[in-house]
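> Data file model_31.txt (compact mmCIF, C-alpha atoms and all ligand atoms) is appended below.
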```
# COMPACT_ATOMS: atom_id res chain seq x y z
CA MET A 26 32.39 25.82 23.66
CA SER A 27 36.06 25.29 24.34
CA ARG A 28 37.17 22.07 25.99
CA ILE A 29 38.08 22.01 29.64
CA ALA A 30 41.48 20.92 30.88
CA LEU A 31 42.48 20.18 34.45
CA VAL A 32 46.22 20.23 35.22
CA THR A 33 47.43 18.92 38.57
CA GLY A 34 50.41 20.73 40.02
CA GLY A 35 49.52 23.26 37.36
CA SER A 36 50.73 26.49 38.91
CA ARG A 37 54.49 25.81 39.04
CA GLY A 38 57.26 24.21 37.00
CA ILE A 39 56.30 21.96 34.10
CA GLY A 40 52.65 22.11 35.18
CA ALA A 41 52.52 25.90 34.88
CA ALA A 42 53.95 25.73 31.37
CA ILE A 43 51.33 23.10 30.48
CA SER A 44 48.48 25.21 31.90
CA VAL A 45 49.63 28.25 29.94
CA ALA A 46 50.17 26.32 26.71
CA LEU A 47 46.71 24.72 26.92
CA SER A 48 45.15 28.09 27.68
CA ASN A 49 46.95 29.62 24.69
CA ALA A 50 45.66 26.74 22.56
CA GLY A 51 42.08 27.71 23.45
CA TYR A 52 41.21 25.37 26.31
CA GLN A 53 39.56 26.52 29.53
CA VAL A 54 42.12 25.53 32.15
CA ALA A 55 41.90 24.77 35.85
CA ALA A 56 45.21 24.27 37.67
CA THR A 57 45.50 22.49 41.00
CA TYR A 58 48.19 23.01 43.60
CA ALA A 59 48.95 21.37 46.93
CA GLY A 60 50.41 23.99 49.20
CA ASN A 61 52.11 27.07 47.81
CA ASN A 62 49.32 29.68 48.07
CA GLU A 63 51.60 32.58 47.09
CA ALA A 64 52.83 30.92 43.91
CA ALA A 65 49.27 29.97 42.96
CA ALA A 66 47.95 33.51 43.54
CA ALA A 67 50.81 35.00 41.50
CA PHE A 68 50.20 32.46 38.73
CA THR A 69 46.48 33.34 38.53
CA GLU A 70 47.28 37.04 38.55
CA GLN A 71 49.79 36.67 35.71
CA THR A 72 47.84 34.24 33.55
CA GLY A 73 44.15 34.55 34.47
CA ILE A 74 44.10 30.76 34.95
CA LYS A 75 42.02 29.62 37.94
CA THR A 76 43.76 27.62 40.63
CA PHE A 77 42.24 25.12 43.05
CA LYS A 78 43.92 23.74 46.17
CA TRP A 79 43.84 20.07 47.10
CA ASN A 80 46.11 17.14 47.78
CA VAL A 81 46.11 14.58 44.95
CA ALA A 82 47.18 11.92 47.46
CA ASP A 83 43.73 12.15 49.10
CA TYR A 84 40.90 10.48 47.14
CA ASP A 85 38.08 12.36 48.84
CA GLU A 86 39.78 15.72 48.31
CA CYS A 87 40.18 14.87 44.61
CA ALA A 88 36.52 13.90 44.23
CA ALA A 89 35.35 17.08 45.99
CA GLY A 90 37.84 19.29 44.11
CA ILE A 91 36.90 17.86 40.72
CA ALA A 92 33.20 18.41 41.51
CA LYS A 93 33.99 22.05 42.31
CA VAL A 94 35.94 22.55 39.07
CA GLU A 95 33.15 20.91 37.06
CA ALA A 96 30.52 23.11 38.76
CA GLU A 97 32.52 26.24 37.89
CA LEU A 98 33.84 25.39 34.43
CA GLY A 99 32.02 22.28 33.21
CA PRO A 100 32.98 18.62 32.69
CA VAL A 101 36.69 17.87 32.41
CA ASP A 102 37.66 16.79 28.88
CA ILE A 103 41.42 16.72 29.35
CA LEU A 104 43.14 15.59 32.53
CA VAL A 105 46.85 16.23 32.86
CA ASN A 106 48.31 14.24 35.76
CA ASN A 107 51.39 16.31 36.40
CA ALA A 108 51.62 16.71 40.19
CA GLY A 109 54.71 15.01 41.54
CA ILE A 110 57.27 15.12 44.33
CA THR A 111 60.70 13.73 45.08
CA ARG A 112 62.11 12.43 48.37
CA ASP A 113 65.50 11.26 47.13
CA ALA A 114 67.67 8.97 49.26
CA PRO A 115 69.88 5.97 48.61
CA PHE A 116 67.94 2.76 49.29
CA HIS A 117 69.82 1.92 52.48
CA LYS A 118 68.76 5.30 53.90
CA ILE A 119 65.22 5.68 52.58
CA THR A 120 62.45 5.71 55.19
CA LYS A 121 59.01 4.15 54.90
CA GLU A 122 57.61 7.67 55.03
CA GLN A 123 59.72 8.82 52.06
CA TRP A 124 58.58 5.75 50.14
CA SER A 125 54.89 6.32 50.94
CA GLN A 126 54.86 10.08 50.32
CA VAL A 127 56.16 9.64 46.79
CA ILE A 128 53.99 6.62 45.92
CA ASP A 129 50.87 8.28 47.39
CA THR A 130 51.38 11.46 45.36
CA ASN A 131 52.93 10.34 42.09
CA LEU A 132 51.19 6.98 41.60
CA THR A 133 48.06 6.81 43.78
CA GLY A 134 47.47 10.48 42.93
CA VAL A 135 47.00 9.50 39.29
CA PHE A 136 44.39 6.92 40.33
CA ASN A 137 42.70 9.42 42.66
CA MET A 138 42.40 12.05 39.94
CA THR A 139 41.49 9.82 37.03
CA HIS A 140 38.94 7.58 38.76
CA PRO A 141 36.31 10.30 39.52
CA ILE A 142 36.70 11.87 36.04
CA TRP A 143 36.60 8.61 34.06
CA PRO A 144 32.82 7.83 34.18
CA GLY A 145 31.94 11.25 32.71
CA MET A 146 34.46 10.82 29.91
CA ARG A 147 32.96 7.40 29.10
CA GLU A 148 29.46 8.87 29.01
CA ARG A 149 30.48 11.81 26.82
CA LYS A 150 32.57 9.55 24.56
CA PHE A 151 35.60 11.81 24.69
CA GLY A 152 38.57 12.18 26.94
CA ARG A 153 42.28 12.74 27.12
CA ILE A 154 44.32 11.42 30.05
CA ILE A 155 47.89 12.70 29.81
CA THR A 156 50.25 11.65 32.57
CA ILE A 157 53.66 13.14 33.18
CA SER A 158 55.98 10.25 33.99
CA SER A 159 59.77 10.63 33.88
CA ILE A 160 62.99 9.44 32.30
CA ASN A 161 63.66 7.91 35.70
CA GLY A 162 60.53 5.76 35.45
CA GLN A 163 62.06 4.36 32.26
CA LYS A 164 65.65 3.84 33.36
CA GLY A 165 65.66 3.96 37.19
CA GLN A 166 67.88 6.38 39.10
CA PHE A 167 70.35 6.19 41.96
CA ALA A 168 68.58 7.43 45.13
CA GLN A 169 65.12 7.30 43.52
CA VAL A 170 63.71 3.85 44.22
CA ASN A 171 60.45 5.49 45.32
CA TYR A 172 60.24 8.00 42.47
CA ALA A 173 61.28 5.56 39.74
CA ALA A 174 58.73 3.00 40.98
CA SER A 175 55.97 5.62 40.99
CA LYS A 176 56.80 6.89 37.51
CA ALA A 177 57.12 3.38 36.05
CA GLY A 178 53.72 2.66 37.64
CA ASP A 179 52.29 5.69 35.86
CA LEU A 180 53.23 4.07 32.55
CA GLY A 181 51.39 0.89 33.59
CA ILE A 182 48.26 2.88 34.48
CA THR A 183 48.47 4.71 31.15
CA LYS A 184 48.78 1.57 29.03
CA SER A 185 45.89 -0.11 30.86
CA LEU A 186 43.60 2.91 30.63
CA ALA A 187 44.41 3.19 26.93
CA GLN A 188 42.91 -0.25 26.38
CA GLU A 189 39.83 0.41 28.52
CA GLY A 190 39.07 3.88 27.18
CA ALA A 191 39.64 3.39 23.45
CA ARG A 192 36.08 2.38 22.56
CA PHE A 193 34.76 5.41 24.43
CA GLY A 194 36.88 7.95 22.54
CA ILE A 195 39.27 8.31 25.44
CA THR A 196 43.02 8.19 24.91
CA ALA A 197 45.61 7.76 27.66
CA ASN A 198 49.20 8.71 26.98
CA ALA A 199 52.31 9.58 28.94
CA VAL A 200 55.12 12.06 28.53
CA CYS A 201 58.51 11.16 29.98
CA PRO A 202 60.51 14.34 30.51
CA GLY A 203 64.21 14.14 31.08
CA TYR A 204 65.88 16.68 33.33
CA ILE A 205 63.99 19.97 32.95
CA ALA A 206 64.97 23.36 34.41
CA THR A 207 62.49 23.45 37.30
CA ASP A 208 62.72 23.84 41.09
CA MET A 209 62.71 20.03 41.41
CA VAL A 210 65.87 19.62 39.35
CA MET A 211 67.47 22.75 40.81
CA ALA A 212 67.10 21.10 44.25
CA VAL A 213 69.62 18.45 43.17
CA PRO A 214 73.07 19.38 44.53
CA GLU A 215 74.88 21.52 41.95
CA LYS A 216 77.79 19.12 41.51
CA VAL A 217 75.42 16.21 40.92
CA ARG A 218 73.38 18.32 38.51
CA ASP A 219 76.45 19.23 36.49
CA GLY A 220 77.18 15.52 36.20
CA ILE A 221 73.64 14.92 34.93
CA VAL A 222 73.87 17.68 32.30
CA ALA A 223 77.12 16.11 31.11
CA GLN A 224 75.10 12.94 30.30
CA ILE A 225 72.61 14.83 28.10
CA PRO A 226 73.78 14.81 24.45
CA THR A 227 71.86 18.04 23.78
CA GLY A 228 74.12 19.62 26.41
CA ARG A 229 71.48 21.40 28.46
CA LEU A 230 68.45 20.91 30.69
CA GLY A 231 65.08 20.92 28.95
CA GLU A 232 62.65 23.82 29.17
CA PRO A 233 59.16 23.33 30.70
CA GLU A 234 57.62 24.63 27.48
CA GLU A 235 59.23 21.76 25.56
CA ILE A 236 57.14 19.34 27.64
CA ALA A 237 54.04 21.53 27.42
CA ARG A 238 54.10 21.36 23.62
CA CYS A 239 53.98 17.55 23.78
CA VAL A 240 50.91 17.77 26.02
CA VAL A 241 49.11 20.23 23.74
CA PHE A 242 49.62 17.81 20.85
CA LEU A 243 48.37 14.78 22.80
CA ALA A 244 45.29 16.76 23.89
CA SER A 245 44.37 17.69 20.33
CA ASP A 246 42.02 15.95 17.89
CA ASP A 247 45.10 15.37 15.69
CA ALA A 248 46.34 12.87 18.30
CA ALA A 249 43.16 10.73 18.32
CA PHE A 250 44.99 7.62 17.03
CA ILE A 251 47.81 7.93 19.57
CA ASN A 252 46.80 5.83 22.54
CA GLY A 253 48.86 4.09 25.21
CA SER A 254 52.04 5.68 23.97
CA THR A 255 54.89 7.49 25.66
CA ILE A 256 56.51 10.62 24.29
CA THR A 257 60.09 10.74 25.48
CA ALA A 258 61.63 14.23 25.67
CA ASN A 259 65.02 14.05 27.30
CA GLY A 260 67.65 15.57 24.99
CA GLY A 261 68.88 12.11 23.98
CA GLN A 262 69.89 11.07 27.51
CA HIS A 263 68.09 7.74 27.34
CA PHE A 264 66.53 5.80 24.46
CA VAL A 265 63.66 3.37 24.91
N1 LIG B 1 75.66 6.72 40.79
C1 LIG B 1 76.54 6.10 41.57
N2 LIG B 1 76.89 6.55 42.79
C2 LIG B 1 76.34 7.69 43.19
C3 LIG B 1 75.40 8.40 42.41
C4 LIG B 1 75.08 7.88 41.16
N3 LIG B 1 74.21 8.49 40.34
N4 LIG B 1 75.02 9.48 43.10
C5 LIG B 1 75.67 9.44 44.28
N5 LIG B 1 76.48 8.38 44.33
C6 LIG B 1 77.36 7.98 45.39
C7 LIG B 1 78.13 9.14 45.98
O1 LIG B 1 79.32 9.35 45.26
C8 LIG B 1 78.39 8.67 47.38
O2 LIG B 1 79.43 7.72 47.36
P1 LIG B 1 80.56 7.65 48.54
O3 LIG B 1 79.77 7.36 49.78
O4 LIG B 1 81.47 6.57 48.10
O5 LIG B 1 81.18 9.03 48.54
C9 LIG B 1 77.10 7.94 47.68
O6 LIG B 1 76.57 7.49 46.46
C10 LIG B 1 76.03 8.91 48.23
O7 LIG B 1 76.10 8.76 49.54
P2 LIG B 1 75.65 9.94 50.45
O8 LIG B 1 75.63 9.45 51.85
O9 LIG B 1 76.46 11.17 50.16
O10 LIG B 1 74.18 10.20 49.94
P3 LIG B 1 73.13 11.19 50.52
O11 LIG B 1 72.32 10.47 51.53
O12 LIG B 1 73.77 12.47 50.93
O13 LIG B 1 72.22 11.42 49.24
C11 LIG B 1 71.73 12.09 47.02
C12 LIG B 1 72.66 12.23 48.19
C13 LIG B 1 70.28 12.17 47.45
C14 LIG B 1 71.96 10.74 46.36
C15 LIG B 1 72.09 13.23 46.07
O14 LIG B 1 73.32 12.94 45.50
C16 LIG B 1 71.08 13.46 44.97
O15 LIG B 1 70.14 14.20 45.16
N6 LIG B 1 71.31 12.88 43.80
C17 LIG B 1 70.46 13.14 42.63
C18 LIG B 1 69.38 12.11 42.47
C19 LIG B 1 68.60 12.51 41.27
O16 LIG B 1 69.05 12.45 40.13
N7 LIG B 1 67.35 12.92 41.49
C20 LIG B 1 66.54 13.39 40.42
C21 LIG B 1 65.79 14.61 40.87
S1 LIG B 1 65.00 15.47 39.55
C22 LIG B 1 63.69 14.52 39.15
O17 LIG B 1 63.40 13.53 39.73
C23 LIG B 1 62.87 14.96 37.97
C24 LIG B 1 62.85 13.96 36.91
O18 LIG B 1 61.82 13.33 36.68
C25 LIG B 1 64.04 13.77 36.07
```
Rewrite the coordinates I just gave you, this time as structure tokens.

Amino acid sequence: MSRIALVTGGSRGIGAAISVALSNAGYQVAATYAGNNEAAAAFTEQTGIKTFKWNVADYDECAAGIAKVEAELGPVDILVNNAGITRDAPFHKITKEQWSQVIDTNLTGVFNMTHPIWPGMRERKFGRIITISSINGQKGQFAQVNYAASKAGDLGITKSLAQEGARFGITANAVCPGYIATDMVMAVPEKVRDGIVAQIPTGRLGEPEEIARCVVFLASDDAAFINGSTITANGGQHFV
């Protein structure tokens, strides 16, 4: 029986590349999405990967959605916490709502998804929690107080889970992508984006597949001794 992977935000951007790469590597994949029905339907049609709709910011929706996935496919062995949003604004302009939306999705969403799945992983003595953080959780970013805080928090969750899960065969690791060619980065004003690319020694944005390959490795048995770590993939823009 192939292992089962659940990828949040798995029908678009980096998440779609992760879903496809895990499927190609032999996993049974379920991809969640929050709102874009058309993109999810097109993704399923193109890839054959099942999609499920719920909001990771809502604990009860996560618990119910995970139960549905497990009823259809079986227990989740690999959880990829990828779903994330931006609400960029300089700190003097940011609203409480922009703060909360990003924290609720990018940080609390990781809790909401991992918490219902964790007991089963402990019982089965195997699990992989792979969380997509960000270069901006490592270095901070102008106009991203909310996003940088959420992504730095994801690293804290990861390092804590790594310690709690180790004796149950569960690893928890993070990937910190730099600027990747997705809708999220394309939404940055072009002039600002050009300035960002100029700061990347590799001289280009990353490709979603370059992040997906990191995830496939962390999910594999070959990565069993890698726990609590962060893979940084940012074209040399920032060293940690
Ligand atoms: N450093 C220093 N100053 C900066 C700056 C920076 N990085 N970016 C903007 N500024 C300055 C501007 O030059 C401007 O200064 P002046 O007022 O003197 O002209 C000021 O800050 C911006 O003021 P505005 O009133 O114009 O700002 P705004 O309310 O219109 O907001 C913005 C614009 C949201 C900051 C926009 O520039 C932006 O989107 N920047 C990109 C932020 C970014 O990198 N987001 C990452 C998105 S991708 C992602 O998050 C994925 C991932 O994980 C990597």
> Counting only C-alpha atoms and all ligand atoms, which residues in chain A sit no more than 7 Å from ligand LIG 1 (chain B)? For each one, give the nearest pair of atoms and the distance in Å, sorted by chain then residue number, as CSV.

```
residue,atom,partner,partner_atom,distance
A:Thr111,CA,B:LIG1,O17,6.0
A:Asp113,CA,B:LIG1,C13,4.9
A:Ala114,CA,B:LIG1,C13,4.5
A:Pro115,CA,B:LIG1,C14,5.7
A:Lys118,CA,B:LIG1,O11,6.7
A:Ser159,CA,B:LIG1,O18,4.4
A:Ile160,CA,B:LIG1,C25,5.8
A:Asn161,CA,B:LIG1,O18,5.8
A:Gln166,CA,B:LIG1,O16,6.3
A:Phe167,CA,B:LIG1,N3,4.8
A:Ala168,CA,B:LIG1,C14,4.9
A:Gln169,CA,B:LIG1,N7,6.4
A:Tyr172,CA,B:LIG1,O17,6.9
A:Pro202,CA,B:LIG1,O18,6.4
A:Gly203,CA,B:LIG1,C25,5.0
A:Tyr204,CA,B:LIG1,C25,4.4
A:Ile205,CA,B:LIG1,C25,6.9
A:Met209,CA,B:LIG1,S1,5.4
A:Val210,CA,B:LIG1,S1,4.2
A:Val213,CA,B:LIG1,O15,4.7
A:Pro214,CA,B:LIG1,O15,6.0
A:Val217,CA,B:LIG1,O14,6.0
```
> Go through A:Val241, A:Gly99, A:Cys201, A:Ala55 one by one, measure the shortest atom-to-atom distance of each to Phe264 of chain A using all atoms listed in the file, and give the residue with the smallest value.
A:Cys201
> Box time for segment 113-122 of chain A: axis-aligned, enclosing all its listed atoms, 8 Å extra on each side; report centre and edge lengths in Å to one decimal, as lines of an AutoDock Vina configuration file.

```
center_x = 63.7
center_y = 6.6
center_z = 51.2
size_x = 28.3
size_y = 25.3
size_z = 24.1
```
> From the options A:Val45, A:Val127, A:Ala199, A:Ala56, which residue's atoms come nearest to Thr33 of chain A, counting all atoms listed in the file?
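Under the stated criterion, the closest residue is A:Ala56.
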> Taking into account only C-alpha atoms, which residue in the set A:Met211, A:Lys121, A:Asn252, A:Leu98 is nearest to Ile154 of chain A?
A:Asn252
> Hey, can you pull every residue with an atom no more than 9 Å from (51.0, 31.1, 40.5), using all atoms listed in the file, and send it as number ranges by chain?
A: 35-37, 41, 61-72, 74, 76
> I'd like to know which of A:Arg218, A:Ile195, A:Ser254, A:Asn137 is closest to Thr183 of chain A, using only C-alpha atoms.
A:Ser254
> Please measure the separation of atom CA of Gly134 of chain A and atom CA of Ala82 of chain A, giving the value in Å to one decimal.
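The value is 4.8 Å.
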> For each of A:Lys75, A:Gln224, A:Asn80, A:Glu95, take the minimum atom-to-atom distance to Ile110 of chain A, counting only C-alpha atoms, then give the residue where this is smallest.
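Looking only at the distances to Ile110 of chain A, the closest residue turns out to be A:Asn80.
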> Between A:Pro144, A:Gly40, A:Pro233, A:Gly162, which one has atoms that come closest to Leu132 of chain A, using only C-alpha atoms?
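Result for the nearest residue to Leu132 of chain A: A:Gly162.
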> Grab the atom CA of Glu234 of chain A to atom CA of Gly109 of chain A distance for me, in Å with one decimal place.
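Between atom CA of Glu234 of chain A and atom CA of Gly109 of chain A the gap works out to 17.3 Å.
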> In Å, rounded to a single decimal, give me how far atom CA of Ala108 of chain A is from atom CA of Arg153 of chain A.
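Spanning atom CA of Arg153 of chain A to atom CA of Ala108 of chain A is a straight-line distance of 16.5 Å.
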